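See structure below.
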Amino acid sequence: MGKFIVFTGLDGSGTSTVAEALHNEDVGSCLMKSPPFPFSSNRNAIDEMVYDKSPAAHYLYYLASNVYLTEFVNDKLATSDANIYCVRYFIDTVVSHRAKSVPALYEHETELYNIRKPDYIFYLGCEESERQLRLNERGRGFLDNQLDDEALRQKFLQEFGALESEFIRIQTTNRELDSIVEEIKQHISK
């Protein structure tokens with residue numbers, strides 16, 4: 001049976017790059033990004049106009065996108081034994097909104113919704129100086145700039161730390177992509 005594998009961490013830590021590399025090596029696998037379409041089509045406007053004005057509304061938008069993405073993951077895993085690699089997911093929604101003082105709960109099943117629990121979550125960590133270089137090279141978005149605020153970035157890291165038991169930490173600083181991919185593949189194959 002295929003595995004649902006999520007990549008998280010601060011922007012610039014390598015989540016998209018690593019997920020794409022694993023997907024490219026894993027014939028027949030699927031690569032997803034959260035939020036999915038159609039949520040992704042208005043993500044920038046939601047981030048720029050809602051994030052600071054109403055963190056709770058911003059949270060509900062991302063929560064809804066995770067509930068919606070779960071349906072695609074469930075369908076794919078029910079009809080295929082291929083792995084799904086996903087950049088960002090529910091853990092990111094909870095962490096980023098807890099950092100903005102929204103009392104988001106890391107609960108996958110409630111009376112209102114079911115969010116599929118990943119088989120693996122890999123937290124990609126990166127030293128701040130290298131993360132900043134990567135962001136500058138690829139271009140910075142709205143949320144990238146939000147994390148330039150030291151206090152907010154520390155809140156993100158603190159909230160990730162509170163969920164440490166949910167993920168496997170992988171360091172990406174000064175490492176070749178092949179080495180990172182091999183380490184993750186070893187965890188998945190166990």
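Residue numbering restarts at 1 in every chain; chains get A, B, ... in the order shown in the structure tokens, and ligands count up from 1 in that same order.
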Please report as a tab-separated table every residue of region 99-139 of chain A lying within 9 Å of region 46-65 of chain A, along with the nearest atom pair and their distance in Å (one decimal), using only C-alpha atoms.
residue	atom	partner	partner_atom	distance
A:Lys100	CA	A:Pro55	CA	6.7
A:Ser101	CA	A:Pro55	CA	8.1
A:Val102	CA	A:Ala56	CA	6.1
A:Pro103	CA	A:Ala56	CA	8.8
A:Ala104	CA	A:Tyr59	CA	7.9
Those residues with N, CA and C atoms, as a PDB file, in the first residue's frame please?
ATOM      1  N   LYS A 100       0.350  32.656  15.588  1.00  0.00           N
ATOM      2  CA  LYS A 100      -0.408  33.918  15.534  1.00  0.00           C
ATOM      3  C   LYS A 100      -1.500  33.948  16.612  1.00  0.00           C
ATOM      4  N   SER A 101      -1.369  33.086  17.620  1.00  0.00           N
ATOM      5  CA  SER A 101      -2.263  33.043  18.790  1.00  0.00           C
ATOM      6  C   SER A 101      -3.670  32.527  18.490  1.00  0.00           C
ATOM      7  N   VAL A 102      -3.830  31.795  17.398  1.00  0.00           N
ATOM      8  CA  VAL A 102      -5.096  31.116  17.132  1.00  0.00           C
ATOM      9  C   VAL A 102      -5.030  29.769  17.863  1.00  0.00           C
ATOM     10  N   PRO A 103      -6.032  29.430  18.669  1.00  0.00           N
ATOM     11  CA  PRO A 103      -5.977  28.169  19.430  1.00  0.00           C
ATOM     12  C   PRO A 103      -6.302  26.952  18.560  1.00  0.00           C
ATOM     13  N   ALA A 104      -5.507  26.744  17.520  1.00  0.00           N
ATOM     14  CA  ALA A 104      -5.713  25.644  16.581  1.00  0.00           C
ATOM     15  C   ALA A 104      -5.344  24.317  17.250  1.00  0.00           C
TER      16      ALA A 104
END
Excluding region 79-82 of chain A and any residue of its chain fewer than 5 positions from it, enumerate the residues within 6 Å of it, using only C-alpha atoms, and give them as a VMD selection string. chain A and resid 1 to 2 28 to 29
Determine, counting only C-alpha atoms, which protein, DNA and RNA residues have an atom within 9 Å of an atom of region 72-77 of chain A; residues of the same chain fewer than 5 positions away are not included. Present the result as a list in words. Met1, Gly2, Lys3, Phe4, Cys30, Met32, Ala82, Asn83, Ile84 and Arg116 of chain A
Which residue out of A:Ser41, A:Ser129, A:Thr93, A:Asn145 has the minimum interatomic distance to Phe160 (chain A) when only C-alpha atoms are used?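 Closest to Phe160 (chain A) of all the choices is A:Thr93.
Of the listed residues A:Ile121, A:Asn66, A:Lys185, A:Gly141, the one whose atoms come nearest to Leu22 (chain A) is A:Lys185, with distances taken using only C-alpha atoms.
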Any chance you could list, as a ChimeraX atom specification, the residues in region 5-39 of chain A that come up alpha helix (DSSP H) when DSSP is run on the backbone? /A:15-25
Could you name the residues that touch Thr172 (chain A) at 10 Å or less, counting only C-alpha atoms, but leaving out those on the same chain fewer than 4 positions away, as a ChimeraX atom specification? /A:13-15,18,123-127,130-131,176-177,179-180
Based on the selection just made, write C-alpha atoms of those residues as a PDB file, in the first residue's frame.
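Result written to selection00.pdb:
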ATOM      1  CA  SER A  13      14.295  24.636   4.276  1.00  0.00           C
ATOM      2  CA  GLY A  14      13.961  22.474   1.147  1.00  0.00           C
ATOM      3  CA  THR A  15      10.454  21.032   1.397  1.00  0.00           C
ATOM      4  CA  VAL A  18      13.200  17.311  -1.492  1.00  0.00           C
ATOM      5  CA  TYR A 123      10.510  18.284   9.263  1.00  0.00           C
ATOM      6  CA  LEU A 124      13.325  19.794   7.224  1.00  0.00           C
ATOM      7  CA  GLY A 125      15.495  22.059   9.347  1.00  0.00           C
ATOM      8  CA  CYS A 126      17.925  24.624   8.044  1.00  0.00           C
ATOM      9  CA  GLU A 127      20.198  27.195   9.676  1.00  0.00           C
ATOM     10  CA  GLU A 130      21.332  29.410   4.657  1.00  0.00           C
ATOM     11  CA  ARG A 131      17.535  29.591   4.698  1.00  0.00           C
ATOM     12  CA  GLU A 176      23.679  17.625  -0.933  1.00  0.00           C
ATOM     13  CA  LEU A 177      20.167  16.808  -2.093  1.00  0.00           C
ATOM     14  CA  SER A 179      22.200  12.693   0.813  1.00  0.00           C
ATOM     15  CA  ILE A 180      18.956  14.131   2.179  1.00  0.00           C
TER      16      ILE A 180
END
Residue neighbourhood Lys117 (chain A), 12 Å, only C-alpha atoms, exclusion window fewer than 5 positions, as a PDB file with all heavy atoms, in the first residue's frame:
ATOM      1  N   LYS A   3       2.205   5.075   0.701  1.00  0.00           N
ATOM      2  CA  LYS A   3       2.350   5.872   1.910  1.00  0.00           C
ATOM      3  C   LYS A   3       2.049   7.335   1.604  1.00  0.00           C
ATOM      4  O   LYS A   3       2.325   7.831   0.515  1.00  0.00           O
ATOM      5  CB  LYS A   3       3.775   5.771   2.466  1.00  0.00           C
ATOM      6  CG  LYS A   3       4.239   4.372   2.766  1.00  0.00           C
ATOM      7  CD  LYS A   3       3.525   3.794   3.954  1.00  0.00           C
ATOM      8  CE  LYS A   3       4.093   2.423   4.326  1.00  0.00           C
ATOM      9  NZ  LYS A   3       3.165   1.653   5.126  1.00  0.00           N
ATOM     10  N   PHE A   4       1.513   8.009   2.596  1.00  0.00           N
ATOM     11  CA  PHE A   4       1.259   9.445   2.523  1.00  0.00           C
ATOM     12  C   PHE A   4       2.364  10.132   3.316  1.00  0.00           C
ATOM     13  O   PHE A   4       2.449   9.987   4.536  1.00  0.00           O
ATOM     14  CB  PHE A   4      -0.126   9.754   3.079  1.00  0.00           C
ATOM     15  CG  PHE A   4      -0.485  11.222   3.059  1.00  0.00           C
ATOM     16  CD1 PHE A   4      -0.137  12.039   1.992  1.00  0.00           C
ATOM     17  CD2 PHE A   4      -1.198  11.772   4.108  1.00  0.00           C
ATOM     18  CE1 PHE A   4      -0.479  13.380   1.988  1.00  0.00           C
ATOM     19  CE2 PHE A   4      -1.557  13.107   4.109  1.00  0.00           C
ATOM     20  CZ  PHE A   4      -1.193  13.917   3.048  1.00  0.00           C
ATOM     21  N   ILE A   5       3.232  10.855   2.602  1.00  0.00           N
ATOM     22  CA  ILE A   5       4.466  11.394   3.176  1.00  0.00           C
ATOM     23  C   ILE A   5       4.456  12.909   3.040  1.00  0.00           C
ATOM     24  O   ILE A   5       4.376  13.444   1.933  1.00  0.00           O
ATOM     25  CB  ILE A   5       5.686  10.786   2.459  1.00  0.00           C
ATOM     26  CG1 ILE A   5       5.628   9.251   2.547  1.00  0.00           C
ATOM     27  CG2 ILE A   5       6.990  11.342   3.032  1.00  0.00           C
ATOM     28  CD1 ILE A   5       6.439   8.538   1.499  1.00  0.00           C
ATOM     29  N   VAL A   6       4.541  13.589   4.173  1.00  0.00           N
ATOM     30  CA  VAL A   6       4.430  15.047   4.215  1.00  0.00           C
ATOM     31  C   VAL A   6       5.782  15.665   4.562  1.00  0.00           C
ATOM     32  O   VAL A   6       6.540  15.132   5.382  1.00  0.00           O
ATOM     33  CB  VAL A   6       3.360  15.468   5.253  1.00  0.00           C
ATOM     34  CG1 VAL A   6       3.399  16.963   5.535  1.00  0.00           C
ATOM     35  CG2 VAL A   6       1.977  15.040   4.774  1.00  0.00           C
ATOM     36  N   ASN A  66      -7.136  21.655   3.883  1.00  0.00           N
ATOM     37  CA  ASN A  66      -6.639  20.351   4.324  1.00  0.00           C
ATOM     38  C   ASN A  66      -7.736  19.290   4.289  1.00  0.00           C
ATOM     39  O   ASN A  66      -7.496  18.145   3.915  1.00  0.00           O
ATOM     40  CB  ASN A  66      -6.052  20.456   5.734  1.00  0.00           C
ATOM     41  CG  ASN A  66      -4.718  21.143   5.759  1.00  0.00           C
ATOM     42  OD1 ASN A  66      -3.751  20.648   5.211  1.00  0.00           O
ATOM     43  ND2 ASN A  66      -4.665  22.300   6.385  1.00  0.00           N
ATOM     44  N   VAL A  67      -8.939  19.674   4.677  1.00  0.00           N
ATOM     45  CA  VAL A  67     -10.069  18.744   4.609  1.00  0.00           C
ATOM     46  C   VAL A  67     -10.305  18.347   3.153  1.00  0.00           C
ATOM     47  O   VAL A  67     -10.511  17.163   2.835  1.00  0.00           O
ATOM     48  CB  VAL A  67     -11.334  19.382   5.236  1.00  0.00           C
ATOM     49  CG1 VAL A  67     -12.550  18.496   5.014  1.00  0.00           C
ATOM     50  CG2 VAL A  67     -11.110  19.642   6.728  1.00  0.00           C
ATOM     51  N   LEU A  69      -8.072  18.472   0.635  1.00  0.00           N
ATOM     52  CA  LEU A  69      -6.935  17.686   0.158  1.00  0.00           C
ATOM     53  C   LEU A  69      -7.029  16.237   0.634  1.00  0.00           C
ATOM     54  O   LEU A  69      -6.650  15.312  -0.089  1.00  0.00           O
ATOM     55  CB  LEU A  69      -5.621  18.326   0.621  1.00  0.00           C
ATOM     56  CG  LEU A  69      -4.329  17.648   0.175  1.00  0.00           C
ATOM     57  CD1 LEU A  69      -4.246  17.554  -1.350  1.00  0.00           C
ATOM     58  CD2 LEU A  69      -3.123  18.403   0.733  1.00  0.00           C
ATOM     59  N   THR A  70      -7.547  16.040   1.836  1.00  0.00           N
ATOM     60  CA  THR A  70      -7.714  14.685   2.367  1.00  0.00           C
ATOM     61  C   THR A  70      -8.533  13.806   1.428  1.00  0.00           C
ATOM     62  O   THR A  70      -8.228  12.616   1.260  1.00  0.00           O
ATOM     63  CB  THR A  70      -8.377  14.743   3.760  1.00  0.00           C
ATOM     64  OG1 THR A  70      -7.431  15.283   4.684  1.00  0.00           O
ATOM     65  CG2 THR A  70      -8.815  13.373   4.241  1.00  0.00           C
ATOM     66  N   VAL A  73      -6.258  12.597  -1.304  1.00  0.00           N
ATOM     67  CA  VAL A  73      -5.313  11.611  -0.773  1.00  0.00           C
ATOM     68  C   VAL A  73      -6.020  10.283  -0.562  1.00  0.00           C
ATOM     69  O   VAL A  73      -5.523   9.221  -0.974  1.00  0.00           O
ATOM     70  CB  VAL A  73      -4.669  12.120   0.542  1.00  0.00           C
ATOM     71  CG1 VAL A  73      -3.849  11.026   1.209  1.00  0.00           C
ATOM     72  CG2 VAL A  73      -3.803  13.350   0.279  1.00  0.00           C
ATOM     73  N   ASN A  74      -7.176  10.308   0.061  1.00  0.00           N
ATOM     74  CA  ASN A  74      -7.930   9.063   0.306  1.00  0.00           C
ATOM     75  C   ASN A  74      -8.281   8.354  -0.996  1.00  0.00           C
ATOM     76  O   ASN A  74      -8.131   7.133  -1.112  1.00  0.00           O
ATOM     77  CB  ASN A  74      -9.198   9.354   1.102  1.00  0.00           C
ATOM     78  CG  ASN A  74      -8.912   9.704   2.546  1.00  0.00           C
ATOM     79  OD1 ASN A  74      -7.825   9.443   3.059  1.00  0.00           O
ATOM     80  ND2 ASN A  74      -9.879  10.326   3.204  1.00  0.00           N
ATOM     81  N   TYR A  89       1.040  20.618   4.966  1.00  0.00           N
ATOM     82  CA  TYR A  89      -0.223  19.930   5.243  1.00  0.00           C
ATOM     83  C   TYR A  89      -0.767  20.460   6.566  1.00  0.00           C
ATOM     84  O   TYR A  89      -0.454  21.573   6.984  1.00  0.00           O
ATOM     85  CB  TYR A  89       0.020  18.412   5.261  1.00  0.00           C
ATOM     86  CG  TYR A  89      -1.213  17.540   5.284  1.00  0.00           C
ATOM     87  CD1 TYR A  89      -2.219  17.664   4.344  1.00  0.00           C
ATOM     88  CD2 TYR A  89      -1.361  16.560   6.263  1.00  0.00           C
ATOM     89  CE1 TYR A  89      -3.344  16.841   4.370  1.00  0.00           C
ATOM     90  CE2 TYR A  89      -2.471  15.727   6.297  1.00  0.00           C
ATOM     91  CZ  TYR A  89      -3.457  15.874   5.347  1.00  0.00           C
ATOM     92  OH  TYR A  89      -4.560  15.056   5.368  1.00  0.00           O
ATOM     93  N   PHE A  90      -1.523  19.647   7.244  1.00  0.00           N
ATOM     94  CA  PHE A  90      -2.237  20.070   8.446  1.00  0.00           C
ATOM     95  C   PHE A  90      -1.307  20.573   9.544  1.00  0.00           C
ATOM     96  O   PHE A  90      -1.616  21.556  10.225  1.00  0.00           O
ATOM     97  CB  PHE A  90      -3.099  18.899   8.926  1.00  0.00           C
ATOM     98  CG  PHE A  90      -3.968  19.188  10.107  1.00  0.00           C
ATOM     99  CD1 PHE A  90      -4.739  20.343  10.167  1.00  0.00           C
ATOM    100  CD2 PHE A  90      -4.038  18.292  11.157  1.00  0.00           C
ATOM    101  CE1 PHE A  90      -5.564  20.596  11.260  1.00  0.00           C
ATOM    102  CE2 PHE A  90      -4.855  18.531  12.246  1.00  0.00           C
ATOM    103  CZ  PHE A  90      -5.615  19.683  12.303  1.00  0.00           C
ATOM    104  N   ILE A  91      -0.169  19.925   9.734  1.00  0.00           N
ATOM    105  CA  ILE A  91       0.761  20.366  10.782  1.00  0.00           C
ATOM    106  C   ILE A  91       1.192  21.810  10.534  1.00  0.00           C
ATOM    107  O   ILE A  91       1.325  22.598  11.470  1.00  0.00           O
ATOM    108  CB  ILE A  91       1.975  19.412  10.914  1.00  0.00           C
ATOM    109  CG1 ILE A  91       2.766  19.740  12.183  1.00  0.00           C
ATOM    110  CG2 ILE A  91       2.852  19.446   9.658  1.00  0.00           C
ATOM    111  CD1 ILE A  91       3.806  18.680  12.543  1.00  0.00           C
ATOM    112  N   TYR A 106      -4.426  20.277  17.025  1.00  0.00           N
ATOM    113  CA  TYR A 106      -3.858  19.282  16.118  1.00  0.00           C
ATOM    114  C   TYR A 106      -4.660  17.990  16.269  1.00  0.00           C
ATOM    115  O   TYR A 106      -4.190  16.998  16.803  1.00  0.00           O
ATOM    116  CB  TYR A 106      -2.375  19.081  16.411  1.00  0.00           C
ATOM    117  CG  TYR A 106      -1.665  18.282  15.341  1.00  0.00           C
ATOM    118  CD1 TYR A 106      -1.532  18.773  14.056  1.00  0.00           C
ATOM    119  CD2 TYR A 106      -1.130  17.031  15.633  1.00  0.00           C
ATOM    120  CE1 TYR A 106      -0.889  18.046  13.078  1.00  0.00           C
ATOM    121  CE2 TYR A 106      -0.479  16.295  14.645  1.00  0.00           C
ATOM    122  CZ  TYR A 106      -0.367  16.805  13.378  1.00  0.00           C
ATOM    123  OH  TYR A 106       0.282  16.086  12.398  1.00  0.00           O
ATOM    124  N   GLU A 107      -5.906  18.035  15.830  1.00  0.00           N
ATOM    125  CA  GLU A 107      -6.802  16.888  15.888  1.00  0.00           C
ATOM    126  C   GLU A 107      -7.210  16.531  14.477  1.00  0.00           C
ATOM    127  O   GLU A 107      -7.785  17.356  13.767  1.00  0.00           O
ATOM    128  CB  GLU A 107      -8.042  17.221  16.728  1.00  0.00           C
ATOM    129  CG  GLU A 107      -7.735  17.427  18.188  1.00  0.00           C
ATOM    130  CD  GLU A 107      -8.975  17.727  19.012  1.00  0.00           C
ATOM    131  OE1 GLU A 107     -10.099  17.672  18.463  1.00  0.00           O
ATOM    132  OE2 GLU A 107      -8.804  18.019  20.204  1.00  0.00           O
ATOM    133  N   HIS A 108      -6.945  15.291  14.100  1.00  0.00           N
ATOM    134  CA  HIS A 108      -7.248  14.845  12.745  1.00  0.00           C
ATOM    135  C   HIS A 108      -8.710  14.441  12.572  1.00  0.00           C
ATOM    136  O   HIS A 108      -9.222  14.458  11.459  1.00  0.00           O
ATOM    137  CB  HIS A 108      -6.332  13.687  12.356  1.00  0.00           C
ATOM    138  CG  HIS A 108      -4.914  14.112  12.146  1.00  0.00           C
ATOM    139  ND1 HIS A 108      -4.033  14.274  13.182  1.00  0.00           N
ATOM    140  CD2 HIS A 108      -4.246  14.434  11.032  1.00  0.00           C
ATOM    141  CE1 HIS A 108      -2.865  14.664  12.706  1.00  0.00           C
ATOM    142  NE2 HIS A 108      -2.968  14.763  11.397  1.00  0.00           N
ATOM    143  N   GLU A 109      -9.379  14.059  13.657  1.00  0.00           N
ATOM    144  CA  GLU A 109     -10.771  13.636  13.563  1.00  0.00           C
ATOM    145  C   GLU A 109     -11.608  14.400  14.565  1.00  0.00           C
ATOM    146  O   GLU A 109     -11.325  14.381  15.762  1.00  0.00           O
ATOM    147  CB  GLU A 109     -10.893  12.136  13.832  1.00  0.00           C
ATOM    148  CG  GLU A 109     -10.221  11.286  12.772  1.00  0.00           C
ATOM    149  CD  GLU A 109     -10.423   9.803  12.995  1.00  0.00           C
ATOM    150  OE1 GLU A 109     -11.369   9.414  13.717  1.00  0.00           O
ATOM    151  OE2 GLU A 109      -9.636   9.035  12.443  1.00  0.00           O
ATOM    152  N   GLU A 166       5.480  14.147  16.364  1.00  0.00           N
ATOM    153  CA  GLU A 166       4.718  13.862  15.155  1.00  0.00           C
ATOM    154  C   GLU A 166       5.590  13.709  13.913  1.00  0.00           C
ATOM    155  O   GLU A 166       5.104  13.272  12.880  1.00  0.00           O
ATOM    156  CB  GLU A 166       3.693  14.978  14.897  1.00  0.00           C
ATOM    157  CG  GLU A 166       2.668  15.123  15.991  1.00  0.00           C
ATOM    158  CD  GLU A 166       1.759  13.918  16.121  1.00  0.00           C
ATOM    159  OE1 GLU A 166       1.383  13.342  15.085  1.00  0.00           O
ATOM    160  OE2 GLU A 166       1.424  13.561  17.268  1.00  0.00           O
ATOM    161  N   PHE A 167       6.862  14.103  13.982  1.00  0.00           N
ATOM    162  CA  PHE A 167       7.679  14.118  12.773  1.00  0.00           C
ATOM    163  C   PHE A 167       9.088  13.613  13.011  1.00  0.00           C
ATOM    164  O   PHE A 167       9.535  13.457  14.144  1.00  0.00           O
ATOM    165  CB  PHE A 167       7.716  15.525  12.152  1.00  0.00           C
ATOM    166  CG  PHE A 167       8.198  16.627  13.059  1.00  0.00           C
ATOM    167  CD1 PHE A 167       9.552  16.790  13.332  1.00  0.00           C
ATOM    168  CD2 PHE A 167       7.298  17.527  13.614  1.00  0.00           C
ATOM    169  CE1 PHE A 167       9.994  17.820  14.148  1.00  0.00           C
ATOM    170  CE2 PHE A 167       7.727  18.566  14.431  1.00  0.00           C
ATOM    171  CZ  PHE A 167       9.086  18.713  14.702  1.00  0.00           C
TER     172      PHE A 167
END
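A straight line drawn from CA of Arg153 (chain A) to CA of Ala19 (chain A) is 23.0 Å long.
Here CA of Gln186 (chain A) is placed at a distance of 17.1 Å from CA of Pro118 (chain A).
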Skip Ala162 (chain A) itself and residues of its chain fewer than 3 positions away, then list as a PyMOL selection string all residues within 12 Å of it, counting only C-alpha atoms. chain A and resi 91+94-95+98-99+105-106+155-159+165-167
From the DSSP assignment of the backbone, select every residue of region 31-143 of chain A that is strand (DSSP E or B), and format the answer as a PyMOL selection string. chain A and resi 31-33+84-87+109+114+120-125
Write out the residues from the selection above, keeping C-alpha atoms, as a PDB file, in the first residue's frame.
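Result saved to out-v8.pdb:
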ATOM      1  CA  LEU A  31       3.286  14.969  -5.757  1.00  0.00           C
ATOM      2  CA  MET A  32       0.825  17.299  -4.026  1.00  0.00           C
ATOM      3  CA  LYS A  33       1.109  20.733  -2.498  1.00  0.00           C
ATOM      4  CA  ILE A  84       2.025  10.417  -2.229  1.00  0.00           C
ATOM      5  CA  TYR A  85       4.545  13.144  -1.427  1.00  0.00           C
ATOM      6  CA  CYS A  86       2.943  16.305  -0.078  1.00  0.00           C
ATOM      7  CA  VAL A  87       4.547  19.694   0.519  1.00  0.00           C
ATOM      8  CA  GLU A 109     -10.771  13.636  13.563  1.00  0.00           C
ATOM      9  CA  ASN A 114     -11.584  14.045   9.208  1.00  0.00           C
ATOM     10  CA  TYR A 120       5.396  10.062   7.775  1.00  0.00           C
ATOM     11  CA  ILE A 121       6.040  13.728   8.382  1.00  0.00           C
ATOM     12  CA  PHE A 122       9.561  14.961   7.721  1.00  0.00           C
ATOM     13  CA  TYR A 123      10.510  18.284   9.263  1.00  0.00           C
ATOM     14  CA  LEU A 124      13.325  19.794   7.224  1.00  0.00           C
ATOM     15  CA  GLY A 125      15.495  22.059   9.347  1.00  0.00           C
TER      16      GLY A 125
END
How many Å separate CA of Thr8 (chain A) from CA of Arg88 (chain A)? 5.3 Å
